[in-house]
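The file input05.txt contains compact mmCIF, C-alpha atoms and all ligand atoms:
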```txt
# COMPACT_ATOMS: atom_id res chain seq x y z
CA MET A 1 0.00 0.00 0.00
CA HIS A 2 1.07 3.57 -0.59
CA GLU A 3 2.41 4.48 2.85
CA SER A 4 2.35 8.24 2.34
CA PHE A 5 -1.13 8.49 0.79
CA ASP A 6 -3.87 10.07 2.95
CA TRP A 7 -6.45 7.24 2.83
CA ASP A 8 -8.74 9.02 5.31
CA SER A 9 -9.50 11.86 2.91
CA LEU A 10 -10.66 9.76 -0.06
CA THR A 11 -13.71 11.05 -1.91
CA PHE A 12 -15.27 9.86 -5.16
CA SER A 13 -12.74 11.64 -7.37
CA LEU A 14 -9.89 10.73 -9.69
CA THR A 15 -6.47 9.88 -8.30
CA PRO A 16 -4.30 8.88 -11.28
CA THR A 17 -2.69 5.46 -10.75
CA ASP A 18 0.30 3.83 -12.45
CA THR A 19 -0.97 1.47 -15.09
CA MET A 20 -3.92 1.04 -17.47
CA TYR A 21 -5.00 -1.77 -19.78
CA ILE A 22 -5.71 -1.29 -23.47
CA THR A 23 -6.63 -3.40 -26.46
CA THR A 24 -8.03 -2.55 -29.88
CA THR A 25 -9.78 -4.34 -32.69
CA GLU A 26 -10.28 -3.53 -36.39
CA GLY A 27 -13.43 -4.29 -38.37
CA ASP A 28 -14.61 -7.85 -37.84
CA GLU A 29 -11.40 -9.10 -36.19
CA PRO A 30 -11.98 -10.86 -32.86
CA TRP A 31 -10.85 -9.14 -29.67
CA MET A 32 -7.37 -10.19 -28.56
CA PRO A 33 -6.02 -9.81 -25.01
CA GLY A 34 -4.43 -6.39 -24.61
CA GLU A 35 -1.53 -5.06 -22.62
CA LEU A 36 -0.72 -2.93 -19.63
CA GLN A 37 0.85 0.45 -20.22
CA PRO A 38 1.57 3.52 -18.13
CA TYR A 39 -1.60 5.45 -17.24
CA GLY A 40 -1.84 8.48 -19.49
CA ASP A 41 -3.43 10.21 -22.46
CA ILE A 42 -4.33 8.20 -25.53
CA PRO A 43 -3.96 9.41 -29.13
CA MET A 44 -7.28 9.61 -30.96
CA SER A 45 -8.51 10.64 -34.41
CA PRO A 46 -10.59 13.84 -34.37
CA ALA A 47 -13.10 11.81 -36.43
CA ALA A 48 -13.37 9.00 -33.86
CA GLY A 49 -16.90 7.59 -33.61
CA VAL A 50 -16.95 8.11 -29.87
CA LEU A 51 -16.02 11.81 -30.11
CA ASN A 52 -18.46 12.60 -32.91
CA TYR A 53 -21.46 10.39 -32.25
CA GLY A 54 -21.02 9.12 -28.70
CA GLN A 55 -20.42 5.49 -29.68
CA GLY A 56 -19.13 4.53 -26.25
CA LEU A 57 -19.94 2.64 -23.07
CA PHE A 58 -18.48 2.63 -19.60
CA GLU A 59 -18.65 0.27 -16.67
CA GLY A 60 -17.98 0.72 -12.97
CA MET A 61 -17.04 -1.87 -10.39
CA LYS A 62 -15.00 -2.06 -7.22
CA ALA A 63 -12.11 -4.11 -5.81
CA PHE A 64 -11.92 -4.32 -2.02
CA ARG A 65 -9.07 -5.09 0.36
CA THR A 66 -10.92 -7.27 2.84
CA SER A 67 -10.53 -8.04 6.52
CA ALA A 68 -9.21 -11.47 5.39
CA ASN A 69 -6.37 -9.46 3.84
CA ARG A 70 -7.04 -10.29 0.24
CA ILE A 71 -8.28 -8.27 -2.72
CA VAL A 72 -11.68 -9.23 -4.09
CA PHE A 73 -13.98 -8.02 -6.87
CA PHE A 74 -17.74 -7.90 -6.47
CA ARG A 75 -19.52 -9.78 -9.29
CA PRO A 76 -17.26 -8.59 -12.16
CA GLU A 77 -18.81 -11.10 -14.57
CA GLU A 78 -22.04 -9.11 -14.32
CA ASN A 79 -20.27 -5.95 -15.48
CA ALA A 80 -18.80 -7.91 -18.40
CA ARG A 81 -22.27 -9.10 -19.42
CA ARG A 82 -23.85 -5.68 -19.06
CA MET A 83 -21.14 -4.19 -21.27
CA GLN A 84 -21.87 -6.90 -23.86
CA ARG A 85 -25.56 -5.96 -23.89
CA GLY A 86 -24.59 -2.31 -24.26
CA ALA A 87 -22.22 -3.14 -27.10
CA ASP A 88 -25.08 -4.85 -28.92
CA ARG A 89 -27.31 -1.76 -28.47
CA LEU A 90 -24.58 0.64 -29.71
CA LYS A 91 -23.45 -1.62 -32.58
CA MET A 92 -19.99 -2.28 -31.13
CA PRO A 93 -18.17 -5.63 -31.03
CA PRO A 94 -18.76 -7.15 -27.57
CA VAL A 95 -15.68 -7.89 -25.50
CA PRO A 96 -15.65 -11.59 -24.47
CA GLU A 97 -16.27 -12.09 -20.76
CA SER A 98 -12.95 -13.93 -20.35
CA ILE A 99 -10.96 -11.04 -21.84
CA PHE A 100 -12.93 -8.51 -19.76
CA VAL A 101 -12.41 -10.32 -16.44
CA ASP A 102 -8.77 -11.11 -17.18
CA ALA A 103 -8.18 -7.44 -18.02
CA VAL A 104 -9.81 -6.30 -14.77
CA GLU A 105 -7.60 -8.71 -12.80
CA GLN A 106 -4.44 -7.59 -14.59
CA VAL A 107 -4.97 -3.88 -14.12
CA VAL A 108 -5.87 -4.20 -10.43
CA ALA A 109 -2.92 -6.53 -9.81
CA ALA A 110 -0.60 -3.98 -11.42
CA ASN A 111 -1.96 -1.17 -9.21
CA GLN A 112 -2.41 -3.21 -6.00
CA HIS A 113 -0.74 -0.66 -3.77
CA TRP A 114 -3.54 1.77 -4.71
CA VAL A 115 -6.28 -0.46 -3.24
CA PRO A 116 -7.29 1.37 -0.03
CA PRO A 117 -6.94 -0.27 3.41
CA THR A 118 -9.98 -2.24 4.62
CA GLY A 119 -12.88 0.04 5.46
CA LYS A 120 -11.29 3.20 4.02
CA GLY A 121 -12.70 2.91 0.51
CA ALA A 122 -12.24 0.77 -2.56
CA MET A 123 -10.47 0.69 -5.88
CA TYR A 124 -12.91 1.84 -8.55
CA VAL A 125 -12.41 0.03 -11.83
CA ARG A 126 -13.56 1.89 -14.93
CA PRO A 127 -13.72 -0.09 -18.19
CA LEU A 128 -14.45 1.87 -21.40
CA LEU A 129 -15.47 0.53 -24.81
CA MET A 130 -15.52 2.98 -27.65
CA GLY A 131 -15.58 3.47 -31.40
CA SER A 132 -12.08 4.88 -31.72
CA GLY A 133 -11.68 4.66 -35.50
CA PRO A 134 -12.52 7.60 -37.82
CA VAL A 135 -15.97 7.83 -39.37
CA LEU A 136 -17.85 10.75 -40.92
CA GLY A 137 -21.31 9.37 -41.69
CA VAL A 138 -23.49 8.34 -38.75
CA LYS A 139 -22.56 4.68 -38.67
CA PRO A 140 -20.45 2.29 -36.59
CA ALA A 141 -16.74 3.15 -36.36
CA PRO A 142 -14.23 0.97 -38.28
CA SER A 143 -12.21 0.14 -35.14
CA TYR A 144 -12.70 -0.09 -31.36
CA THR A 145 -10.73 0.39 -28.16
CA PHE A 146 -11.32 -1.40 -24.87
CA LEU A 147 -9.54 0.34 -22.01
CA ILE A 148 -9.53 0.04 -18.22
CA TYR A 149 -8.18 2.46 -15.66
CA VAL A 150 -8.48 2.31 -11.88
CA THR A 151 -8.55 4.85 -9.07
CA PRO A 152 -8.95 4.62 -5.30
CA VAL A 153 -12.27 6.11 -4.13
CA GLY A 154 -14.21 6.98 -1.02
CA PRO A 155 -17.95 7.70 -0.63
CA TYR A 156 -19.98 9.01 -3.61
CA PHE A 157 -22.26 11.12 -1.45
CA LYS A 158 -20.75 13.30 1.27
CA GLY A 159 -20.88 11.66 4.68
CA GLY A 160 -21.31 8.05 3.50
CA MET A 161 -24.19 6.56 5.52
CA ASN A 162 -25.83 9.95 6.21
CA ALA A 163 -29.29 10.38 4.71
CA ILE A 164 -29.41 12.53 1.56
CA ASP A 165 -32.04 14.98 0.34
CA LEU A 166 -33.26 14.39 -3.21
CA LEU A 167 -35.32 16.48 -5.63
CA ILE A 168 -37.66 15.01 -8.24
CA SER A 169 -36.74 16.46 -11.62
CA GLU A 170 -39.93 18.07 -12.94
CA HIS A 171 -38.63 19.23 -16.32
CA HIS A 172 -36.11 16.63 -17.43
CA HIS A 173 -36.18 12.90 -18.04
CA ARG A 174 -33.26 10.54 -18.25
CA ALA A 175 -34.50 7.99 -20.74
CA ALA A 176 -37.42 7.15 -22.99
CA PRO A 177 -38.87 3.81 -24.10
CA GLY A 178 -36.80 2.40 -26.96
CA GLY A 179 -33.81 4.61 -26.13
CA SER A 180 -30.51 3.77 -24.44
CA GLY A 181 -31.44 4.15 -20.75
CA GLY A 182 -31.05 0.43 -20.12
CA VAL A 183 -27.35 0.36 -21.01
CA LYS A 184 -24.36 2.32 -19.72
CA ALA A 185 -24.04 4.50 -22.84
CA ILE A 186 -21.74 7.44 -22.16
CA GLY A 187 -24.31 9.72 -23.83
CA ASN A 188 -26.84 9.03 -21.06
CA TYR A 189 -24.89 11.06 -18.54
CA ALA A 190 -24.15 14.55 -19.92
CA PRO A 191 -27.87 15.48 -20.20
CA GLY A 192 -28.18 14.84 -16.45
CA MET A 193 -25.49 17.36 -15.53
CA LYS A 194 -27.70 20.45 -15.80
CA PRO A 195 -30.60 19.11 -13.67
CA SER A 196 -28.10 17.67 -11.18
CA LYS A 197 -26.12 20.90 -10.86
CA GLU A 198 -29.28 22.97 -10.45
CA ALA A 199 -30.51 20.61 -7.71
CA LYS A 200 -27.15 20.79 -5.94
CA GLU A 201 -27.28 24.59 -6.01
CA LEU A 202 -30.58 24.32 -4.14
CA GLY A 203 -28.97 22.08 -1.51
CA TYR A 204 -30.05 18.64 -2.78
CA ALA A 205 -27.59 15.77 -3.21
CA GLU A 206 -29.09 14.62 -6.55
CA VAL A 207 -32.25 14.40 -8.63
CA ILE A 208 -34.72 11.56 -9.01
CA TYR A 209 -36.02 10.97 -12.53
CA LEU A 210 -39.61 10.03 -13.28
CA ASP A 211 -40.67 8.08 -16.37
CA ALA A 212 -40.86 10.11 -19.57
CA GLU A 213 -44.27 8.78 -20.66
CA THR A 214 -46.46 9.64 -17.66
CA HIS A 215 -44.12 11.63 -15.35
CA SER A 216 -45.57 9.75 -12.40
CA ALA A 217 -43.39 6.69 -11.69
CA ILE A 218 -39.89 6.79 -10.22
CA GLU A 219 -37.18 5.50 -12.55
CA GLU A 220 -33.85 6.13 -10.83
CA VAL A 221 -31.50 8.60 -9.19
CA GLY A 222 -28.86 10.21 -11.49
CA ALA A 223 -26.44 7.29 -11.26
CA ALA A 224 -28.07 4.90 -8.83
CA ASN A 225 -31.20 2.73 -8.55
CA PHE A 226 -34.11 3.46 -6.22
CA PHE A 227 -35.79 1.44 -3.45
CA CYS A 228 -38.46 2.34 -0.92
CA ILE A 229 -39.79 0.26 1.94
CA LYS A 230 -43.34 0.27 3.27
CA ASP A 231 -44.63 -2.09 5.99
CA LYS A 232 -41.42 -4.15 5.66
CA VAL A 233 -41.96 -4.74 1.90
CA LEU A 234 -39.30 -3.43 -0.51
CA TYR A 235 -40.38 -1.75 -3.75
CA THR A 236 -38.10 -0.97 -6.68
CA PRO A 237 -38.83 0.07 -10.28
CA GLU A 238 -38.94 -2.91 -12.60
CA LEU A 239 -36.51 -3.24 -15.50
CA THR A 240 -38.55 -2.03 -18.45
CA GLY A 241 -35.63 -0.87 -20.58
CA THR A 242 -35.46 2.73 -19.42
CA ILE A 243 -33.54 2.16 -16.18
CA LEU A 244 -30.09 0.71 -15.76
CA PRO A 245 -30.11 -2.87 -14.44
CA GLY A 246 -27.84 -2.18 -11.49
CA ILE A 247 -25.73 -5.00 -10.11
CA THR A 248 -26.14 -3.55 -6.62
CA ARG A 249 -29.92 -3.45 -7.20
CA ASP A 250 -29.92 -7.12 -8.15
CA SER A 251 -27.75 -7.99 -5.14
CA ILE A 252 -30.05 -6.13 -2.75
CA ILE A 253 -33.12 -7.90 -4.12
CA GLN A 254 -31.43 -11.25 -3.49
CA LEU A 255 -30.14 -10.25 -0.04
CA ALA A 256 -33.49 -8.86 1.09
CA ARG A 257 -35.35 -12.01 -0.03
CA HIS A 258 -32.72 -14.12 1.72
CA GLN A 259 -33.44 -12.14 4.91
CA GLY A 260 -37.13 -13.00 4.53
CA TYR A 261 -38.37 -9.68 3.14
CA GLU A 262 -40.83 -9.46 0.27
CA VAL A 263 -39.48 -7.49 -2.70
CA VAL A 264 -41.79 -6.09 -5.38
CA GLU A 265 -40.35 -5.04 -8.75
CA GLY A 266 -43.02 -2.90 -10.36
CA ASN A 267 -44.32 0.55 -11.14
CA VAL A 268 -43.25 2.73 -8.18
CA LEU A 269 -45.38 5.87 -8.28
CA ALA A 270 -43.76 8.97 -6.79
CA ASP A 271 -46.94 9.59 -4.78
CA PHE A 272 -46.53 6.13 -3.20
CA ALA A 273 -42.78 6.44 -2.62
CA VAL A 274 -43.04 9.71 -0.71
CA GLN A 275 -45.34 7.98 1.80
CA ALA A 276 -43.03 5.00 2.38
CA ASP A 277 -41.30 4.30 5.69
CA GLU A 278 -37.75 4.21 4.28
CA ALA A 279 -36.03 4.91 0.98
CA PHE A 280 -32.51 4.51 -0.35
CA CYS A 281 -30.59 4.57 -3.58
CA CYS A 282 -27.89 2.12 -4.54
CA GLY A 283 -25.07 1.53 -6.96
CA THR A 284 -21.41 0.64 -7.15
CA ALA A 285 -20.42 4.22 -6.38
CA ALA A 286 -23.40 5.05 -4.14
CA VAL A 287 -23.31 1.66 -2.27
CA ILE A 288 -26.54 2.03 -0.26
CA SER A 289 -27.27 5.68 0.41
CA PRO A 290 -30.25 6.31 2.69
CA ILE A 291 -32.66 8.98 1.49
CA GLY A 292 -33.69 11.46 4.17
CA SER A 293 -36.22 13.37 2.10
CA ILE A 294 -37.74 13.69 -1.35
CA THR A 295 -39.06 17.00 -2.66
CA HIS A 296 -41.74 16.78 -5.36
CA ASN A 297 -43.55 19.83 -6.79
CA GLY A 298 -42.36 21.95 -3.88
CA VAL A 299 -43.53 19.48 -1.20
CA LYS A 300 -40.84 17.91 0.97
CA SER A 301 -41.51 14.43 2.40
CA VAL A 302 -39.15 13.32 5.16
CA TYR A 303 -38.34 9.69 5.99
CA GLY A 304 -37.89 8.68 9.63
CA GLY A 305 -36.85 12.13 10.81
CA GLY A 306 -34.06 12.19 8.23
CA THR A 307 -32.02 9.34 9.76
CA PRO A 308 -31.23 6.04 7.98
CA GLY A 309 -34.01 3.47 8.25
CA LYS A 310 -33.71 0.14 10.07
CA ILE A 311 -34.02 -2.17 7.07
CA THR A 312 -31.83 0.13 4.97
CA THR A 313 -29.13 -0.11 7.66
CA GLU A 314 -29.52 -3.90 7.90
CA LEU A 315 -29.04 -4.27 4.13
CA TYR A 316 -26.11 -1.83 4.13
CA ASN A 317 -24.36 -3.83 6.87
CA LEU A 318 -24.95 -7.09 5.02
CA LEU A 319 -23.78 -5.85 1.62
CA THR A 320 -20.68 -4.08 2.91
CA GLY A 321 -20.02 -7.00 5.28
CA ILE A 322 -19.91 -9.42 2.34
CA GLN A 323 -17.65 -7.03 0.41
CA ASN A 324 -15.30 -6.75 3.41
CA GLU A 325 -15.50 -10.48 4.18
CA THR A 326 -16.93 -9.95 7.67
CA GLU A 327 -20.23 -11.55 6.54
CA GLU A 328 -20.48 -14.89 4.79
CA ASP A 329 -20.55 -14.65 0.98
CA VAL A 330 -23.70 -16.79 0.77
CA PHE A 331 -24.26 -16.13 -2.94
CA GLY A 332 -20.65 -16.62 -4.05
CA TRP A 333 -20.38 -13.03 -5.30
CA LEU A 334 -16.73 -12.43 -4.42
CA HIS A 335 -14.12 -12.98 -7.08
CA PRO A 336 -10.66 -12.98 -5.48
CA LEU A 337 -7.71 -11.45 -7.28
CA PRO A 338 -5.66 -14.50 -8.34
N1 LIG B 401 -28.19 3.63 -12.59
C1 LIG B 401 -27.31 4.31 -13.32
C2 LIG B 401 -27.80 5.29 -14.31
C3 LIG B 401 -25.94 4.09 -13.13
O1 LIG B 401 -25.05 4.78 -13.85
C4 LIG B 401 -25.51 3.15 -12.16
C5 LIG B 401 -24.09 2.91 -11.95
O2 LIG B 401 -23.52 2.02 -12.47
C6 LIG B 401 -26.48 2.44 -11.45
C7 LIG B 401 -27.81 2.72 -11.67
C8 LIG B 401 -26.11 1.40 -10.45
O3 LIG B 401 -25.58 0.26 -11.09
P1 LIG B 401 -24.55 -0.71 -10.37
O4 LIG B 401 -25.19 -1.15 -9.13
O5 LIG B 401 -24.34 -1.83 -11.33
O6 LIG B 401 -23.32 0.08 -10.13
C1 LIG B 402 -21.21 3.54 -10.67
O1 LIG B 402 -21.92 3.37 -9.68
O2 LIG B 402 -20.29 2.80 -10.97
C2 LIG B 402 -21.47 4.64 -11.57
O3 LIG B 402 -21.30 4.47 -12.72
C3 LIG B 402 -21.90 5.89 -11.00
C4 LIG B 402 -21.30 7.13 -11.62
C5 LIG B 402 -19.95 7.49 -11.16
C6 LIG B 402 -21.56 7.34 -13.04
```

Output the file's structure in the form of structure tokens.
Ligand code: PLP
Ligand code: COI
Amino acid sequence: MHESFDWDSLTFSLTPTDTMYITTTEGDEPWMPGELQPYGDIPMSPAAGVLNYGQGLFEGMKAFRTSANRIVFFRPEENARRMQRGADRLKMPPVPESIFVDAVEQVVAANQHWVPPTGKGAMYVRPLLMGSGPVLGVKPAPSYTFLIYVTPVGPYFKGGMNAIDLLISEHHHRAAPGGSGGVKAIGNYAPGMKPSKEAKELGYAEVIYLDAETHSAIEEVGAANFFCIKDKVLYTPELTGTILPGITRDSIIQLARHQGYEVVEGNVLADFAVQADEAFCCGTAAVISPIGSITHNGVKSVYGGGTPGKITTELYNLLTGIQNETEEDVFGWLHPLP
């Protein structure tokens, strides 16, 4: 580990590390394993498909240094599969799961001393797949780059397990039926910057998006999925194609059912959610972030006096306990660094 690095001050921001992984493919050639190289800028054609038409995807996962003193990934195969589904949607050649997982292992192994001490954060792994070859017409690029860089991170929302205040976005939507909301297309994120920044200026941590068709059902939170809990039943928006199928979301559904809770995946109306007992959002970066209040059309609804709910806390302790190896990995989610 980096002895001189201040692990206690980690936030969710970029700390450049030593090494990145890169591989490229031309036309219909199959993907070949790539190589490690020093972390740094990459040369790119001004006519690259990703720069001109947004033909690009990203992924996000974490590696943890656990209390058993080993480095583990959390369900990296799921990130590989989600990137394959995204590649299909954006007409890019999918990276085989074996190459993806091997690449993730290699780049983390090469930057091991940047994995934070147990409990102080995690190493965030950021794979990118992009149309890097030049193209002028709106069509798939002639060549592709698969790249992974890593960076140590702390909490996504200030204060970690403190409840956050969210604002329902009344004028913007994140995704529409038939669009790209169900995959991690890079182009899904820039349109959220304006609503997010405006909400932050008003003191909210993030926005919640409603569905674009009826503007009544909750879809998700900027970069995290949504859950609310009423009478000990968990509710989360179902995967209809407009929300991102979060790996944390899937894990929480399995964990909650394993704990004996009922979980309903369905249409979660905002009017219902604001009357729930507890609410939280979740994701690789967000982990489980309790929601203290939701403001909708000028009306603020507060959950449990603004403190994290009981079931939210139970699920947080379980999920982070598995990731830190202080709880049993009942579902076999951990993938140790070889
Ligand atoms: N929703 C969006 C839009 C995201 O960008 C993310 C982050 O990856 C999530 C939800 C949560 O997904 P996961 O739990 O796989 O990180
Ligand atoms: C993640 O949770 O990995 C995300 O992608 C969130 C965000 C940084 C875009």

Shortest interatomic distance to ligand LIG 401 (chain B) - which of A:Pro33, A:Gly181, A:Gly133, A:Pro96, counting all atoms listed in the file: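 Residue with the minimum atom-to-atom distance to ligand LIG 401 (chain B): A:Gly181.
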
All residues having an atom within 6 Å of ligand LIG 402 (chain B) (all atoms listed in the file) as a ChimeraX atom specification: /A:60-61,223,283-286

Contacts to ligand LIG 401 (chain B) at 7 Å cut-off (only C-alpha atoms and all ligand atoms) as a ChimeraX atom specification: /A:59-61,184,220-225,243-249,282-285

Two-atom distance - CA of Arg70 in chain A, CA of Tyr124 in chain A (Å):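 One can read the CA of Arg70 in chain A to CA of Tyr124 in chain A distance as 16.1 Å.
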
Residue contacts of Ile22 in chain A (6 Å, only C-alpha atoms) excluding same-chain residues fewer than 2 positions away, as a list of chain:residue names: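 Residues meeting the cut-off are A:Gly34, A:Glu35, A:Phe146, A:Leu147.
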
Mind giving me the axis-aligned box for range 58-73 of chain A with 8 Å on every side, centre plus edges in Å to one decimal, as AutoDock Vina command-line options?
```
--center_x -12.5 --center_y -4.4 --center_z -6.5 --size_x 28.3 --size_y 30.1 --size_z 42.1
```

Near-Asn297 in chain A list (10 Å; all atoms listed in the file; drop same-chain fewer than 2 positions) as an MDAnalysis selection string: chainID A and resid 167:170 295 299:300

Two-atom distance - CA of Ile99 in chain A, CA of Thr151 in chain A (Å):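 Distance between the two atoms: 20.5 Å.
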
Interatomic distance (Å, one decimal) between CA of Glu77 in chain A and CA of Trp333 in chain A: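 Distance reported for this atom pair: 9.6 Å.
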
Given all atoms listed in the file as the counted atoms, nearest of A:Lys91, A:Arg75, A:Pro191, A:Thr66 to Gly321 in chain A: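 Using all atoms listed in the file, the shortest distance to Gly321 in chain A belongs to A:Thr66.
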
Distance query Cys281 in chain A at most 12 Å, only C-alpha atoms, self and fewer than 4 positions along chain excluded, as a PyMOL selection string: chain A and resi 156-157+161+163-166+205-208+218-229+235-237+246+248-249+252+285-294+308+312+315-316

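Minimum atom-to-atom distances from A:Ala122, A:Met193, A:Thr242, A:Gly137 to Phe74 in chain A were compared using only C-alpha atoms, and the lowest value belongs to A:Ala122.
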
Residues within 8 Å of Asn324 in chain A, all atoms listed in the file, excluding chain neighbours under 5 positions, as a ChimeraX atom specification: /A:64-68,118-119

Exercise: residues within 10 Å of coordinate (-8.5, 5.2, -34.3), counting only C-alpha atoms, as a ChimeraX atom specification: /A:24-26,43-50,130-135,141-145

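Take the candidates A:Val233, A:Met123, A:Leu10, A:Leu337 and check each one against Pro155 in chain A using only C-alpha atoms; the shortest distance goes to A:Leu10.
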